[in-house]
Every structure is written in structure tokens, then in C-alpha cells.
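K.L.:
Contents of target26.cif (mmCIF, C-alpha atoms) are given next:
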```cif
data_final
#
loop_
_atom_site.label_atom_id
_atom_site.label_comp_id
_atom_site.auth_asym_id
_atom_site.auth_seq_id
_atom_site.Cartn_x
_atom_site.Cartn_y
_atom_site.Cartn_z
CA MET U 2 88.07 97.60 86.97
CA LYS U 3 85.46 97.94 84.21
CA LEU U 4 85.85 100.72 81.66
CA LYS U 5 83.88 103.96 81.89
CA PRO U 6 82.01 105.07 78.73
CA ASP U 7 84.76 107.50 77.64
CA GLN U 8 87.37 104.76 78.20
CA GLU U 9 85.29 102.38 76.06
CA GLN U 10 85.42 104.87 73.17
CA ASN U 11 89.20 105.14 73.55
CA ALA U 12 89.49 101.33 73.70
CA VAL U 13 87.55 100.99 70.43
CA ALA U 14 89.87 103.53 68.78
CA VAL U 15 92.98 101.66 69.98
CA MET U 16 91.64 98.25 68.91
CA LYS U 17 90.83 99.58 65.42
CA GLY U 18 94.56 100.10 64.92
CA LEU U 19 95.65 96.60 65.97
CA LYS U 20 96.03 93.71 63.50
CA LEU U 21 94.29 91.32 65.86
CA PHE U 22 91.04 93.23 65.37
CA ALA U 23 91.39 93.97 61.63
CA GLY U 24 88.04 93.58 59.90
CA CYS U 25 85.97 93.87 63.07
CA SER U 26 82.95 96.10 62.83
CA GLU U 27 82.39 99.09 65.08
CA ALA U 28 79.57 97.15 66.79
CA GLN U 29 81.85 94.16 67.44
CA LEU U 30 84.55 96.38 68.92
CA LYS U 31 82.01 98.20 71.11
CA ALA U 32 80.65 94.86 72.34
CA MET U 33 84.17 93.81 73.24
CA ALA U 34 85.01 97.14 74.89
CA SER U 35 82.01 96.72 77.19
CA ARG U 36 83.61 93.52 78.52
CA LEU U 37 87.14 94.86 79.02
CA ASP U 38 88.78 95.63 82.33
CA VAL U 39 91.50 98.25 82.76
CA GLN U 40 94.45 97.98 85.12
CA SER U 41 97.60 99.97 85.78
CA PHE U 42 100.97 98.37 86.46
CA ALA U 43 103.89 100.23 88.04
CA LYS U 44 107.37 100.10 86.55
CA THR U 45 109.07 96.68 87.14
CA LYS U 46 105.75 94.99 88.08
CA VAL U 47 105.38 91.49 86.61
CA ILE U 48 102.24 91.20 84.47
CA ILE U 49 102.56 87.58 83.33
CA MET U 50 104.84 84.94 84.81
CA GLU U 51 106.55 82.49 82.47
CA GLN U 52 104.61 79.18 82.51
CA GLU U 53 101.47 80.93 83.84
CA ILE U 54 98.21 80.12 82.08
CA SER U 55 96.62 83.54 82.20
CA LYS U 56 93.62 83.08 79.86
CA THR U 57 93.71 86.86 79.36
CA LEU U 58 94.45 89.03 76.36
CA TYR U 59 96.28 92.24 77.29
CA VAL U 60 96.08 95.39 75.17
CA LEU U 61 98.82 97.86 76.10
CA ILE U 62 97.37 101.37 75.85
CA GLN U 63 100.04 103.27 77.77
CA GLY U 64 103.67 102.50 78.50
CA THR U 65 106.19 99.83 77.56
CA VAL U 66 106.60 96.21 78.59
CA GLY U 67 109.58 93.89 78.33
CA ILE U 68 109.29 90.28 77.25
CA TRP U 69 111.79 88.14 79.14
CA ARG U 70 112.69 84.54 78.46
CA ARG U 71 114.97 82.17 80.31
CA THR U 72 117.74 80.97 78.00
CA GLY U 73 120.82 79.13 79.12
CA GLY U 74 119.84 79.48 82.77
CA GLU U 75 119.47 83.27 82.77
CA LYS U 76 116.63 85.67 81.98
CA LYS U 77 117.13 87.75 78.86
CA LEU U 78 115.09 90.59 77.42
CA VAL U 79 113.97 89.22 74.03
CA ALA U 80 111.42 91.87 72.98
CA THR U 81 109.95 95.20 73.97
CA LEU U 82 106.38 96.26 73.24
CA GLN U 83 105.17 99.86 73.24
CA ALA U 84 101.59 101.07 73.35
CA PRO U 85 99.49 100.38 71.42
CA ASP U 86 100.18 96.65 71.17
CA PHE U 87 98.93 93.42 72.68
CA PHE U 88 100.23 90.23 74.28
CA GLY U 89 99.03 87.16 76.13
CA GLU U 90 97.10 85.90 73.12
CA GLY U 91 99.01 82.62 72.93
CA SER U 92 98.14 81.57 76.46
CA MET U 93 94.61 82.91 76.16
CA PHE U 94 93.64 81.19 72.92
CA SER U 95 95.55 77.93 73.36
CA GLU U 96 95.39 77.73 77.16
CA ALA U 97 99.08 76.82 77.03
CA PRO U 98 101.53 78.16 79.60
CA ALA U 99 103.04 81.55 78.77
CA ASN U 100 106.40 81.12 77.04
CA ALA U 101 107.84 84.30 78.54
CA LEU U 102 107.67 86.65 81.50
CA VAL U 103 106.13 90.07 80.79
CA LYS U 104 107.18 92.97 83.00
CA ALA U 105 106.32 96.69 82.93
CA GLN U 106 109.35 98.72 81.85
CA ASP U 107 107.63 101.91 82.92
CA ASP U 108 104.20 102.71 84.34
CA CYS U 109 101.67 100.98 82.09
CA GLN U 110 97.96 100.87 81.55
CA LEU U 111 96.40 97.74 80.08
CA LEU U 112 93.02 96.69 78.78
CA MET U 113 92.30 93.09 79.67
CA LEU U 114 89.90 90.65 78.04
CA ALA U 115 89.34 87.41 79.94
CA ARG U 116 88.78 84.22 77.95
CA PRO U 117 85.20 83.70 79.26
CA ALA U 118 84.26 87.21 78.02
CA PHE U 119 85.80 86.46 74.60
CA ASP U 120 83.96 83.11 74.44
CA GLN U 121 80.68 84.87 75.20
CA LEU U 122 81.34 87.41 72.42
CA ALA U 123 82.19 84.63 69.96
CA GLN U 124 79.09 82.68 70.96
CA ASN U 125 76.90 85.76 70.39
CA ASP U 126 78.62 86.57 67.07
CA ALA U 127 80.26 83.60 65.34
CA THR U 128 81.80 85.82 62.64
CA PHE U 129 83.66 87.76 65.35
CA GLY U 130 85.22 84.60 66.77
CA LEU U 131 86.24 83.32 63.34
CA LEU U 132 87.71 86.68 62.35
CA ILE U 133 89.84 86.92 65.51
CA GLU U 134 90.99 83.31 65.02
CA LYS U 135 92.00 84.05 61.40
CA ASN U 136 93.82 87.25 62.40
CA MET U 137 95.59 85.39 65.23
CA GLU U 138 96.89 82.73 62.84
CA GLU U 139 98.26 85.40 60.47
CA ILE U 140 99.92 87.30 63.31
CA GLN U 141 101.58 84.17 64.69
CA GLU U 142 102.95 83.33 61.24
CA GLN U 143 104.41 86.84 60.87
CA ARG U 144 105.90 87.25 64.35
CA PRO U 145 109.53 86.31 64.74
CA PRO U 146 110.25 83.73 67.44
CA LEU U 147 111.12 85.30 70.81
CA ALA U 148 114.24 83.21 71.23
CA GLN U 149 115.52 79.75 70.59
CA LYS U 150 113.08 77.10 71.70
CA ARG U 151 114.05 75.28 74.85
CA GLU U 152 114.68 71.59 74.96
CA GLY U 153 111.42 69.67 74.77
CA GLU U 154 109.41 72.55 73.23
CA THR U 155 107.67 72.12 69.92
#
```
Will you turn the file into C-alpha cells for me?
P.N.:
Amino acid sequence: MKLKPDQEQNAVAVMKGLKLFAGCSEAQLKAMASRLDVQSFAKTKVIIMEQEISKTLYVLIQGTVGIWRRTGGEKKLVATLQAPDFFGEGSMFSEAPANALVKAQDDCQLLMLARPAFDQLAQNDATFGLLIEKNMEEIQEQRPPLAQKREGET
């Protein structure tokens, strides 16, 4: 469901505080907010399946999600994210399968940016696309690995 004007203002405020959007102008964030969808997920609802190619960036604005990864034949909780935070960027930007399952640990509300909407924003404003790409590289370098890589992963 598309955001209402008051939700767009809240989305801009949340995004201002996230490293992924560091350096973005107010106009760039407003342009992005106009393309966001919002969705609620009940506790225990799966948001992303492991190996799914979601092509969606999720911004957690309410609640907590668990990041689960299969290791040694069993699923293990490897990280927990609390609002405000984001996930899904790896699958969205690289179009690679998700390397973990993401599940709501309590009732959650998420902003969602689909890859086609991001591509349109980047096409309209090349500096926006380059800035997000640069921020993404820095974030990936700083994030600890979720768990040991599985056999065959690079």
C-alpha cells in the first residue's frame, strides 16, 4: 500500500537516520518516499525466504525481525534487527538469492522500495544512485558476517 502524505514525512525522517541514505538531500529522500509501499507483518510471519530473490529493500520502522540462517542442517538465529533499520539490500542490489530467512519477531511495519522504483530514481538523479551504491559498499564492509559461509559460497 502506498504511503499517505503524513507517512511520507515520517519515512523521510526515518531514512535520514540510516547509514544507507547518508548524504541524500531532502528532495532525494522525498522522491524516494513517494515511491515506497508500507506493509505490516504479524509476529512469526516470514518476510524473506532464504534463497528468495526479492528485489526489494525493506526499512523496518516498527518492531523487530530475526535473521535466520541454516547452519549444520538446522536454522539458527544469527542476528536481530530493531526499528529503525533496513535489510534486503543484498538481494535487491545484486539480484542474488537472499542468504538468510527474515521473520517478524513481533508485529512489524516495513517500508518497501522495489528495485524498479529505485532504478527509476537513480535514472532521474544519477548522484542519488551513486551515493546509495557508495553507502552500500561501506555498510557491507562494516557489517559482520551473519554466520560461517556454507560450502560452495564465495
K.L.:
At a cut-off of 6 Å, using only C-alpha atoms, what residues contact Thr57 of chain U? Leave out same-chain residues fewer than 4 positions from it and give the result as JSON, numbers by chain.
P.N.:
{"U": [93, 114, 115, 116]}
K.L.:
Could you give me, as a PyMOL selection string, the residues within 12 Å of Gln83 of chain U, counting all atoms listed in the file and dropping anything in the same chain fewer than 4 positions from it?
P.N.:
chain U and resi 60-68+87-88+105-111
K.L.:
Name all residues at most 9 Å from Pro6 of chain U (count all atoms listed in the file; drop same-chain ones fewer than 4 positions away) and give them as a list in words.
P.N.:
Gln10, Asn11 and Ser35 of chain U
K.L.:
Counting only C-alpha atoms, which residues in segment 32-85 of chain U sit no more than 12 Å from segment 128-135 of chain U? For each one, give the nearest pair of atoms and the distance in Å, sorted by chain then residue number, as a tab-separated table.
P.N.:
```
residue	atom	partner	partner_atom	distance
U:Ala32	CA	U:Phe129	CA	10.4
U:Met33	CA	U:Phe129	CA	10.0
U:Leu58	CA	U:Ile133	CA	12.0
```
K.L.:
What residues come out when you apply the PyMOL selection byres ((chain U and resi 101) around 9) to this file, written as a list in words?
P.N.:
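So the PyMOL selection byres ((chain U and resi 101) around 9) ends up selecting Ile49, Met50, Glu51, Gln52, Glu53, Ile68, Trp69, Arg70, Arg71, Pro98, Ala99, Asn100, Leu102, Val103 and Leu147 of chain U.
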K.L.:
Between atom CA of Val15 of chain U and atom CA of Lys46 of chain U, what distance in Å does the model show, to one decimal?
P.N.:
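Separation between atom CA of Val15 of chain U and atom CA of Lys46 of chain U: 23.1 Å.
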K.L.:
Selecting N, CA and C atoms, how would segment 82-100 of chain U from this structure be written as a JSON list (two decimals), in the first residue's frame?
P.N.:
```json
[["chain", "number", "residue", "atom", "x", "y", "z"],
["U", 82, "LEU", "N", 17.27, -7.42, 14.25],
["U", 82, "LEU", "CA", 17.23, -6.01, 13.87],
["U", 82, "LEU", "C", 16.01, -5.37, 14.52],
["U", 83, "GLN", "N", 16.23, -4.18, 15.07],
["U", 83, "GLN", "CA", 15.14, -3.40, 15.66],
["U", 83, "GLN", "C", 14.95, -2.14, 14.86],
["U", 84, "ALA", "N", 13.72, -1.65, 14.82],
["U", 84, "ALA", "CA", 13.44, -0.39, 14.13],
["U", 84, "ALA", "C", 14.19, 0.75, 14.81],
["U", 85, "PRO", "N", 14.72, 1.68, 14.05],
["U", 85, "PRO", "CA", 14.77, 1.73, 12.60],
["U", 85, "PRO", "C", 16.03, 1.04, 12.08],
["U", 86, "ASP", "N", 15.86, 0.23, 11.07],
["U", 86, "ASP", "CA", 16.98, -0.46, 10.42],
["U", 86, "ASP", "C", 16.49, -0.90, 9.04],
["U", 87, "PHE", "N", 17.34, -1.56, 8.30],
["U", 87, "PHE", "CA", 16.95, -2.00, 6.97],
["U", 87, "PHE", "C", 17.58, -3.35, 6.67],
["U", 88, "PHE", "N", 17.01, -4.04, 5.69],
["U", 88, "PHE", "CA", 17.53, -5.33, 5.24],
["U", 88, "PHE", "C", 17.03, -5.59, 3.83],
["U", 89, "GLY", "N", 17.55, -6.63, 3.21],
["U", 89, "GLY", "CA", 17.15, -7.00, 1.87],
["U", 89, "GLY", "C", 17.98, -6.33, 0.79],
["U", 90, "GLU", "N", 18.92, -5.48, 1.22],
["U", 90, "GLU", "CA", 19.70, -4.71, 0.25],
["U", 90, "GLU", "C", 20.59, -5.60, -0.61],
["U", 91, "GLY", "N", 21.11, -6.67, -0.04],
["U", 91, "GLY", "CA", 21.99, -7.55, -0.81],
["U", 91, "GLY", "C", 21.27, -8.17, -1.98],
["U", 92, "SER", "N", 20.11, -8.72, -1.74],
["U", 92, "SER", "CA", 19.33, -9.34, -2.81],
["U", 92, "SER", "C", 18.82, -8.29, -3.80],
["U", 93, "MET", "N", 18.45, -7.12, -3.27],
["U", 93, "MET", "CA", 17.92, -6.08, -4.15],
["U", 93, "MET", "C", 18.98, -5.55, -5.11],
["U", 94, "PHE", "N", 20.15, -5.21, -4.58],
["U", 94, "PHE", "CA", 21.16, -4.56, -5.41],
["U", 94, "PHE", "C", 21.96, -5.54, -6.26],
["U", 95, "SER", "N", 22.12, -6.76, -5.80],
["U", 95, "SER", "CA", 22.92, -7.72, -6.57],
["U", 95, "SER", "C", 22.05, -8.72, -7.32],
["U", 96, "GLU", "N", 20.77, -8.75, -7.00],
["U", 96, "GLU", "CA", 19.83, -9.72, -7.55],
["U", 96, "GLU", "C", 20.26, -11.16, -7.26],
["U", 97, "ALA", "N", 21.02, -11.31, -6.18],
["U", 97, "ALA", "CA", 21.43, -12.64, -5.72],
["U", 97, "ALA", "C", 20.38, -13.17, -4.75],
["U", 98, "PRO", "N", 20.30, -14.48, -4.59],
["U", 98, "PRO", "CA", 19.36, -15.02, -3.62],
["U", 98, "PRO", "C", 19.68, -14.56, -2.20],
["U", 99, "ALA", "N", 18.65, -14.34, -1.41],
["U", 99, "ALA", "CA", 18.83, -13.94, -0.01],
["U", 99, "ALA", "C", 19.63, -15.02, 0.71],
["U", 100, "ASN", "N", 20.58, -14.59, 1.55],
["U", 100, "ASN", "CA", 21.43, -15.55, 2.25],
["U", 100, "ASN", "C", 20.89, -15.91, 3.63]]
```
